[in-house]
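Taking it in order: structure first as structure tokens, then the write-up.
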Amino acid sequence: MSRETGPLDAAAFAGLMAPLEPFGDRPHLAVGVSGGADSLALALLARDWVAGRGGRLTALTVNHGLRPEAGDEARAVAAWMEAADIAHDILTWTGPRPVAGIQAAAREARLSLLEDWCRRNGVVDLMLAHHLDDQAETVLQRLGKGSGPDGLCGMAPVSYRRAVRVLRPLLSVPGDRTRATLETRGHPWIEDPSNDDATYQRVRLRYLRPALADAGLTASGLALTAERAAEARSERLARLNTRLAAGVCLDPLGFARVDLTVLLAPPDSEARDALGRVLACVGGLARPPRADALERLRRHLMARPAPSAGITLGRCHLSPDRHVSKGWLVCREVRHLPDPQPVFSGSAVIWDGRFDVSFMREETSDSPLVLGALGPVGWREVRGDPERTNGGEPVAVSHTVAVTLPALRTPSGTVCAVPQLRYCDRPGSAALAVRSRFAPRVPVFGGGAGHGRCGLHAGADGLCQ
């Protein structure tokens, strides 16, 4: 943890970036820039660091529209970035706003917009300007909510979303150093009035910071707590990944076979974690179900014979595997699947939080296709047309799995492609090319694809052409 004071220079910033390696040759990085002191300092430091590697940097500003000045502030950032010779884009948050929890919703919308830009532009590293004081406030907030060890880890220097690595190189740096960095350069910044609005808990905690420090509860001490909690979590995740690799077989069709004797072995807390990871992956969730629900499921699976109808939790259906002794199947539940949605040629859609679907037509057409779940009617249609499925081979997939797969239909409702089943309505034709890849929000195996006894491999795409 940094004990330095004063402005950050190139050498200090290089030291902060070193633990975030690797970056590859001539890297293209993105940085979120709101116009505040922290993100502006990060952008200017990152510009010089990237240039030294022959790479490039793009600054991204989200116009959240929550204040009348937001548009003018985004344009001011654009002017500053142009003067600094940094490429810049403004991303606009559209759509409805929640009545409550607006700050949390704005943070998630901002991250989603930044990630989507990175995915569309082939950028895998996104930098954010959270610093040591932000980390301390996060730990305090989570302490107040009764968070467990994982919550007390706070923010990670490196974390992963579906399409990007999120990097926080300033996490060990006090906020006054970013302001000193801009002051040294004579560079202005924007003060967000919401940072002084005591309506928000984070701001109230900020006001308490001097009193807490006098009582011995310093920002650096809280950040050290997060660092040690993260170290313990890393060790626990290593054990969890070993358990999952031994007890879970993940299929590219989006279901899992699990060995409960392995998955539910003591200690109970790690058995709950394993169940939660599997359910989040197969269910397409952003996070596992709550710990109390997982504990009820664990006890149920340990104590009782399986009900004939199976068990549901976290958008998943769990049932005994008839082909494997003590094995269970975890499949996506058939309820609460996404409503059909129109998609156009060239579209890329994350469907149901599970599948990355894209398609392309060779001929020019303004009419969309419809993306939705295959469903029982579609499954009967596909199963009755084996010549157009899987190269003419019989389809060896259960009804429960098949009906939850993504399918493209014509506007009239005819199934024209089910990429996971290699089903196309015009075999051998290049007029329609569809690709679908199982890419859940939460991977089962922490090390990524290809782990486990029969893990998901990167080449396991569904492809119709």
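In the structure tokens, each chain is lettered A, B, ... as it comes, each chain's residues begin at 1, and ligands are numbered from 1 in order of appearance.
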All residues 6 Å or closer to range 4-20 of chain A, only C-alpha atoms, same chain fewer than 2 positions away omitted, as a list of chain:residue names: A:Ser2, A:Pro169, A:Arg177, A:Ala180, A:Thr181
Neighbours of Val203 in chain A within 12 Å (only C-alpha atoms; same-chain residues fewer than 2 positions away dropped), as a ChimeraX atom specification? /A:103,133-134,137-138,140-141,192-201,205-209
Mind writing the picked residues with N, CA and C atoms as a CSV table (one decimal), in the first residue's frame?
chain,number,residue,atom,x,y,z
A,103,GLN,N,-28.1,6.1,-7.3
A,103,GLN,CA,-26.6,6.1,-7.5
A,103,GLN,C,-26.1,4.7,-7.9
A,133,ASP,N,-9.3,6.2,-0.7
A,133,ASP,CA,-10.4,6.7,0.1
A,133,ASP,C,-11.8,6.0,-0.3
A,134,ASP,N,-11.9,5.8,-1.6
A,134,ASP,CA,-13.1,5.1,-2.1
A,134,ASP,C,-13.2,3.7,-1.6
A,137,GLU,N,-14.3,3.8,2.1
A,137,GLU,CA,-15.8,4.0,2.2
A,137,GLU,C,-16.6,2.8,1.8
A,138,THR,N,-16.1,2.0,0.8
A,138,THR,CA,-16.8,0.8,0.4
A,138,THR,C,-16.8,-0.2,1.6
A,140,LEU,N,-16.5,0.4,4.8
A,140,LEU,CA,-17.3,0.9,5.9
A,140,LEU,C,-18.8,0.6,5.5
A,141,GLN,N,-19.2,0.9,4.3
A,141,GLN,CA,-20.6,0.6,3.9
A,141,GLN,C,-20.9,-0.9,4.1
A,192,ASP,N,-18.4,17.4,-8.7
A,192,ASP,CA,-19.8,16.9,-8.8
A,192,ASP,C,-20.5,17.3,-7.5
A,193,PRO,N,-21.6,18.1,-7.5
A,193,PRO,CA,-22.3,18.5,-6.3
A,193,PRO,C,-22.9,17.3,-5.5
A,194,SER,N,-23.1,16.2,-6.2
A,194,SER,CA,-23.6,15.0,-5.4
A,194,SER,C,-22.6,14.5,-4.4
A,195,ASN,N,-21.3,14.8,-4.6
A,195,ASN,CA,-20.3,14.4,-3.7
A,195,ASN,C,-20.4,15.1,-2.3
A,196,ASP,N,-21.2,16.2,-2.3
A,196,ASP,CA,-21.5,16.9,-1.0
A,196,ASP,C,-22.9,16.7,-0.5
A,197,ASP,N,-23.7,15.8,-1.2
A,197,ASP,CA,-25.1,15.6,-0.8
A,197,ASP,C,-25.2,14.6,0.3
A,198,ALA,N,-25.5,15.0,1.5
A,198,ALA,CA,-25.6,14.1,2.6
A,198,ALA,C,-26.8,13.1,2.5
A,199,THR,N,-27.6,13.2,1.5
A,199,THR,CA,-28.6,12.2,1.3
A,199,THR,C,-28.0,10.8,1.1
A,200,TYR,N,-26.8,10.8,0.5
A,200,TYR,CA,-26.2,9.5,0.2
A,200,TYR,C,-25.3,9.1,1.3
A,201,GLN,N,-25.3,7.8,1.6
A,201,GLN,CA,-24.6,7.2,2.8
A,201,GLN,C,-23.1,7.5,2.6
A,205,LEU,N,-20.5,9.2,5.3
A,205,LEU,CA,-19.3,8.5,5.8
A,205,LEU,C,-18.0,9.4,5.5
A,206,ARG,N,-18.0,10.1,4.4
A,206,ARG,CA,-16.9,10.9,4.0
A,206,ARG,C,-16.8,12.1,5.1
A,207,TYR,N,-17.9,12.6,5.5
A,207,TYR,CA,-17.9,13.7,6.5
A,207,TYR,C,-17.4,13.1,7.8
A,208,LEU,N,-17.6,11.9,8.1
A,208,LEU,CA,-17.1,11.3,9.3
A,208,LEU,C,-15.6,10.9,9.3
A,209,ARG,N,-15.0,11.0,8.2
A,209,ARG,CA,-13.7,10.5,8.0
A,209,ARG,C,-12.7,11.1,9.0
Give me, as a ChimeraX atom specification, the residues of range 263-442 of chain A that a backbone DSSP run labels strand (DSSP E). /A:311-313,316-320,327-332,341-343,348-351,355-361,369-373,406-409,415-418,423-424,432-438
Excluding range 40-54 of chain A and residues on its chain fewer than 4 positions from it, collect all residues at most 6 Å away from it, counting only C-alpha atoms, and give them as a list in words.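 In the requested format, the answer is Arg26, Gly35 and Thr178 of chain A.
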Just to be explicit: take each residue in the selection above, keep all heavy atoms, and write the result as a PDB file, in the first residue's frame.
ATOM      1  N   ARG A  26       1.703  -2.901 -27.932  1.00  0.00           N
ATOM      2  CA  ARG A  26       0.926  -1.781 -28.454  1.00  0.00           C
ATOM      3  C   ARG A  26      -0.522  -1.834 -27.946  1.00  0.00           C
ATOM      4  O   ARG A  26      -1.468  -1.891 -28.740  1.00  0.00           O
ATOM      5  CB  ARG A  26       0.962  -1.766 -29.977  1.00  0.00           C
ATOM      6  CG  ARG A  26       2.370  -1.711 -30.553  1.00  0.00           C
ATOM      7  CD  ARG A  26       2.376  -1.848 -32.065  1.00  0.00           C
ATOM      8  NE  ARG A  26       1.679  -0.729 -32.693  1.00  0.00           N
ATOM      9  CZ  ARG A  26       2.226   0.440 -32.976  1.00  0.00           C
ATOM     10  NH1 ARG A  26       3.511   0.651 -32.669  1.00  0.00           N
ATOM     11  NH2 ARG A  26       1.537   1.403 -33.559  1.00  0.00           N
ATOM     12  N   GLY A  35     -14.662  13.710 -15.458  1.00  0.00           N
ATOM     13  CA  GLY A  35     -14.307  15.121 -15.349  1.00  0.00           C
ATOM     14  C   GLY A  35     -13.866  15.498 -13.954  1.00  0.00           C
ATOM     15  O   GLY A  35     -13.388  16.614 -13.729  1.00  0.00           O
ATOM     16  N   THR A 178      -4.280  12.543  -6.342  1.00  0.00           N
ATOM     17  CA  THR A 178      -4.763  12.805  -7.705  1.00  0.00           C
ATOM     18  C   THR A 178      -5.026  14.297  -7.889  1.00  0.00           C
ATOM     19  O   THR A 178      -4.720  14.867  -8.948  1.00  0.00           O
ATOM     20  CB  THR A 178      -6.041  11.997  -8.003  1.00  0.00           C
ATOM     21  OG1 THR A 178      -7.095  12.403  -7.119  1.00  0.00           O
ATOM     22  CG2 THR A 178      -5.792  10.511  -7.845  1.00  0.00           C
TER      23      THR A 178
END
Considering only C-alpha atoms, can you say which of A:Arg67, A:Arg257, A:Arg441, A:Arg409 comes closest to Gly283 in chain A?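 For Gly283 in chain A, the nearest of the candidates is A:Arg441.
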What does the distance from CA of Leu143 in chain A to CA of Leu222 in chain A come to in Å, to one decimal?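 Separation between CA of Leu143 in chain A and CA of Leu222 in chain A: 10.4 Å.
Of the residues listed (A:Pro440, A:Gly24, A:Gly221, A:Pro376), A:Pro376 shows the shortest atom-to-atom separation from Val334 in chain A; distances use only C-alpha atoms.
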Using only C-alpha atoms, which of the listed residues (A:Val139, A:Leu152, A:Val397, A:Ala271) sits closest to Leu294 in chain A? A:Ala271
All residues 12 Å or closer to Asp292 in chain A, only C-alpha atoms, same chain fewer than 3 positions away omitted, as a list of chain:residue names: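 Residues near the query, excluding close chain neighbours: A:Ser269, A:Arg272, A:Asp273, A:Gly276, A:Pro288, A:Pro289, A:Glu295, A:Arg296, A:Leu297, A:Arg298, A:Arg299, A:Leu313.
Nearest residue to Leu170 in chain A, choosing from A:Arg75, A:Asp38, A:Arg142, A:Met81 and counting only C-alpha atoms: A:Asp38.
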Between CA of Leu421 in chain A and CA of Trp379 in chain A - distance in Å to one decimal: 10.5 Å
Please identify the helix (DSSP H, G or I) residues within range 177-275 of chain A (assignment by DSSP from backbone atoms) and present them as number ranges by chain. A: 177-185, 193-196, 201-207, 209-214, 219-247, 260-263, 268-275
Cut-off 9 Å: closest range 209-289 of chain A/range 320-331 of chain A atom pairs per residue, using only C-alpha atoms, as a Markdown table:
| residue | atom | partner | partner_atom | distance |
| --- | --- | --- | --- | --- |
| A:Gly254 | CA | A:Cys331 | CA | 7.3 |
| A:Phe255 | CA | A:Cys331 | CA | 4.7 |
| A:Ala256 | CA | A:Val330 | CA | 5.1 |
| A:Arg257 | CA | A:Leu329 | CA | 4.7 |
| A:Val258 | CA | A:Trp328 | CA | 5.3 |
| A:Asp259 | CA | A:Gly327 | CA | 4.8 |
| A:Leu260 | CA | A:Gly327 | CA | 6.4 |
| A:Thr261 | CA | A:Lys326 | CA | 7.3 |
| A:Val278 | CA | A:Val330 | CA | 8.0 |
| A:Leu279 | CA | A:Val330 | CA | 7.6 |
| A:Val282 | CA | A:Cys331 | CA | 6.4 |
| A:Gly283 | CA | A:Cys331 | CA | 7.7 |
Please produce a file of those selected residues containing N, CA, C and O atoms, as a tab-separated table (two decimals), in the first residue's frame.
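Wrote selection-v7.tsv, looks like this:
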chain	number	residue	atom	x	y	z
A	254	GLY	N	-25.27	-25.33	-22.04
A	254	GLY	CA	-25.69	-24.47	-20.95
A	254	GLY	C	-26.22	-25.18	-19.73
A	254	GLY	O	-26.83	-24.54	-18.87
A	255	PHE	N	-26.01	-26.50	-19.62
A	255	PHE	CA	-26.41	-27.20	-18.40
A	255	PHE	C	-25.18	-27.86	-17.77
A	255	PHE	O	-24.10	-27.90	-18.37
A	256	ALA	N	-25.35	-28.36	-16.56
A	256	ALA	CA	-24.22	-28.96	-15.85
A	256	ALA	C	-24.63	-30.29	-15.25
A	256	ALA	O	-25.76	-30.47	-14.80
A	257	ARG	N	-23.68	-31.22	-15.24
A	257	ARG	CA	-23.81	-32.47	-14.48
A	257	ARG	C	-22.93	-32.33	-13.24
A	257	ARG	O	-21.77	-31.95	-13.36
A	258	VAL	N	-23.49	-32.61	-12.07
A	258	VAL	CA	-22.74	-32.43	-10.84
A	258	VAL	C	-22.74	-33.70	-10.01
A	258	VAL	O	-23.70	-34.48	-10.02
A	259	ASP	N	-21.64	-33.91	-9.33
A	259	ASP	CA	-21.50	-35.00	-8.38
A	259	ASP	C	-21.69	-34.40	-6.99
A	259	ASP	O	-20.82	-33.70	-6.47
A	260	LEU	N	-22.85	-34.67	-6.38
A	260	LEU	CA	-23.16	-34.04	-5.11
A	260	LEU	C	-22.25	-34.49	-3.98
A	260	LEU	O	-22.05	-33.76	-3.01
A	261	THR	N	-21.70	-35.70	-4.07
A	261	THR	CA	-20.79	-36.14	-3.01
A	261	THR	C	-19.55	-35.25	-2.96
A	261	THR	O	-18.98	-35.04	-1.89
A	278	VAL	N	-22.50	-22.71	-9.39
A	278	VAL	CA	-23.14	-23.50	-10.44
A	278	VAL	C	-24.48	-22.88	-10.83
A	278	VAL	O	-24.80	-22.74	-12.03
A	279	LEU	N	-25.28	-22.49	-9.84
A	279	LEU	CA	-26.60	-21.93	-10.13
A	279	LEU	C	-26.48	-20.59	-10.87
A	279	LEU	O	-27.24	-20.33	-11.80
A	282	VAL	N	-25.40	-21.47	-14.65
A	282	VAL	CA	-26.44	-22.10	-15.47
A	282	VAL	C	-27.68	-21.20	-15.57
A	282	VAL	O	-28.34	-21.15	-16.61
A	283	GLY	N	-27.96	-20.45	-14.50
A	283	GLY	CA	-29.14	-19.58	-14.51
A	283	GLY	C	-28.93	-18.24	-15.19
A	283	GLY	O	-29.87	-17.47	-15.35
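Neighbours of Gly122 in chain A closer than or equal to 10 Å, with only C-alpha atoms counted and sequence neighbours fewer than 5 positions away skipped, come out as His28, Leu29, Asp116, Trp117, Ala163 and Val164 of chain A.
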Kindly save the residues from that selection, with N, CA, C and O atoms included, as a PDB file, in the first residue's frame.
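Writing done, so here's part10.pdb:
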ATOM      1  N   HIS A  28      -4.267  -1.131 -26.542  1.00  0.00           N
ATOM      2  CA  HIS A  28      -5.316  -0.113 -26.637  1.00  0.00           C
ATOM      3  C   HIS A  28      -6.134  -0.213 -25.356  1.00  0.00           C
ATOM      4  O   HIS A  28      -6.834  -1.196 -25.125  1.00  0.00           O
ATOM      5  N   LEU A  29      -6.059   0.801 -24.497  1.00  0.00           N
ATOM      6  CA  LEU A  29      -6.774   0.822 -23.230  1.00  0.00           C
ATOM      7  C   LEU A  29      -7.874   1.872 -23.271  1.00  0.00           C
ATOM      8  O   LEU A  29      -7.762   2.878 -23.985  1.00  0.00           O
ATOM      9  N   ASP A 116     -19.793  -2.112 -22.980  1.00  0.00           N
ATOM     10  CA  ASP A 116     -20.328  -2.317 -24.326  1.00  0.00           C
ATOM     11  C   ASP A 116     -19.459  -1.616 -25.359  1.00  0.00           C
ATOM     12  O   ASP A 116     -19.179  -2.160 -26.432  1.00  0.00           O
ATOM     13  N   TRP A 117     -18.992  -0.393 -25.040  1.00  0.00           N
ATOM     14  CA  TRP A 117     -18.092   0.299 -25.979  1.00  0.00           C
ATOM     15  C   TRP A 117     -16.819  -0.522 -26.178  1.00  0.00           C
ATOM     16  O   TRP A 117     -16.339  -0.684 -27.316  1.00  0.00           O
ATOM     17  N   ALA A 163     -16.878  -8.903 -20.896  1.00  0.00           N
ATOM     18  CA  ALA A 163     -16.082  -8.555 -22.074  1.00  0.00           C
ATOM     19  C   ALA A 163     -14.782  -7.839 -21.754  1.00  0.00           C
ATOM     20  O   ALA A 163     -13.970  -7.634 -22.654  1.00  0.00           O
ATOM     21  N   VAL A 164     -14.570  -7.413 -20.503  1.00  0.00           N
ATOM     22  CA  VAL A 164     -13.391  -6.597 -20.206  1.00  0.00           C
ATOM     23  C   VAL A 164     -12.748  -6.987 -18.883  1.00  0.00           C
ATOM     24  O   VAL A 164     -13.380  -7.568 -18.005  1.00  0.00           O
TER      25      VAL A 164
END
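Counting only C-alpha atoms, the residue from A:Leu285, A:Leu212, A:Ala106, A:Val401 that sits nearest to Val442 in chain A is A:Leu285.
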Do you have the CA of Ala229 in chain A-CA of Asp150 in chain A distance handy? 7.1 Å
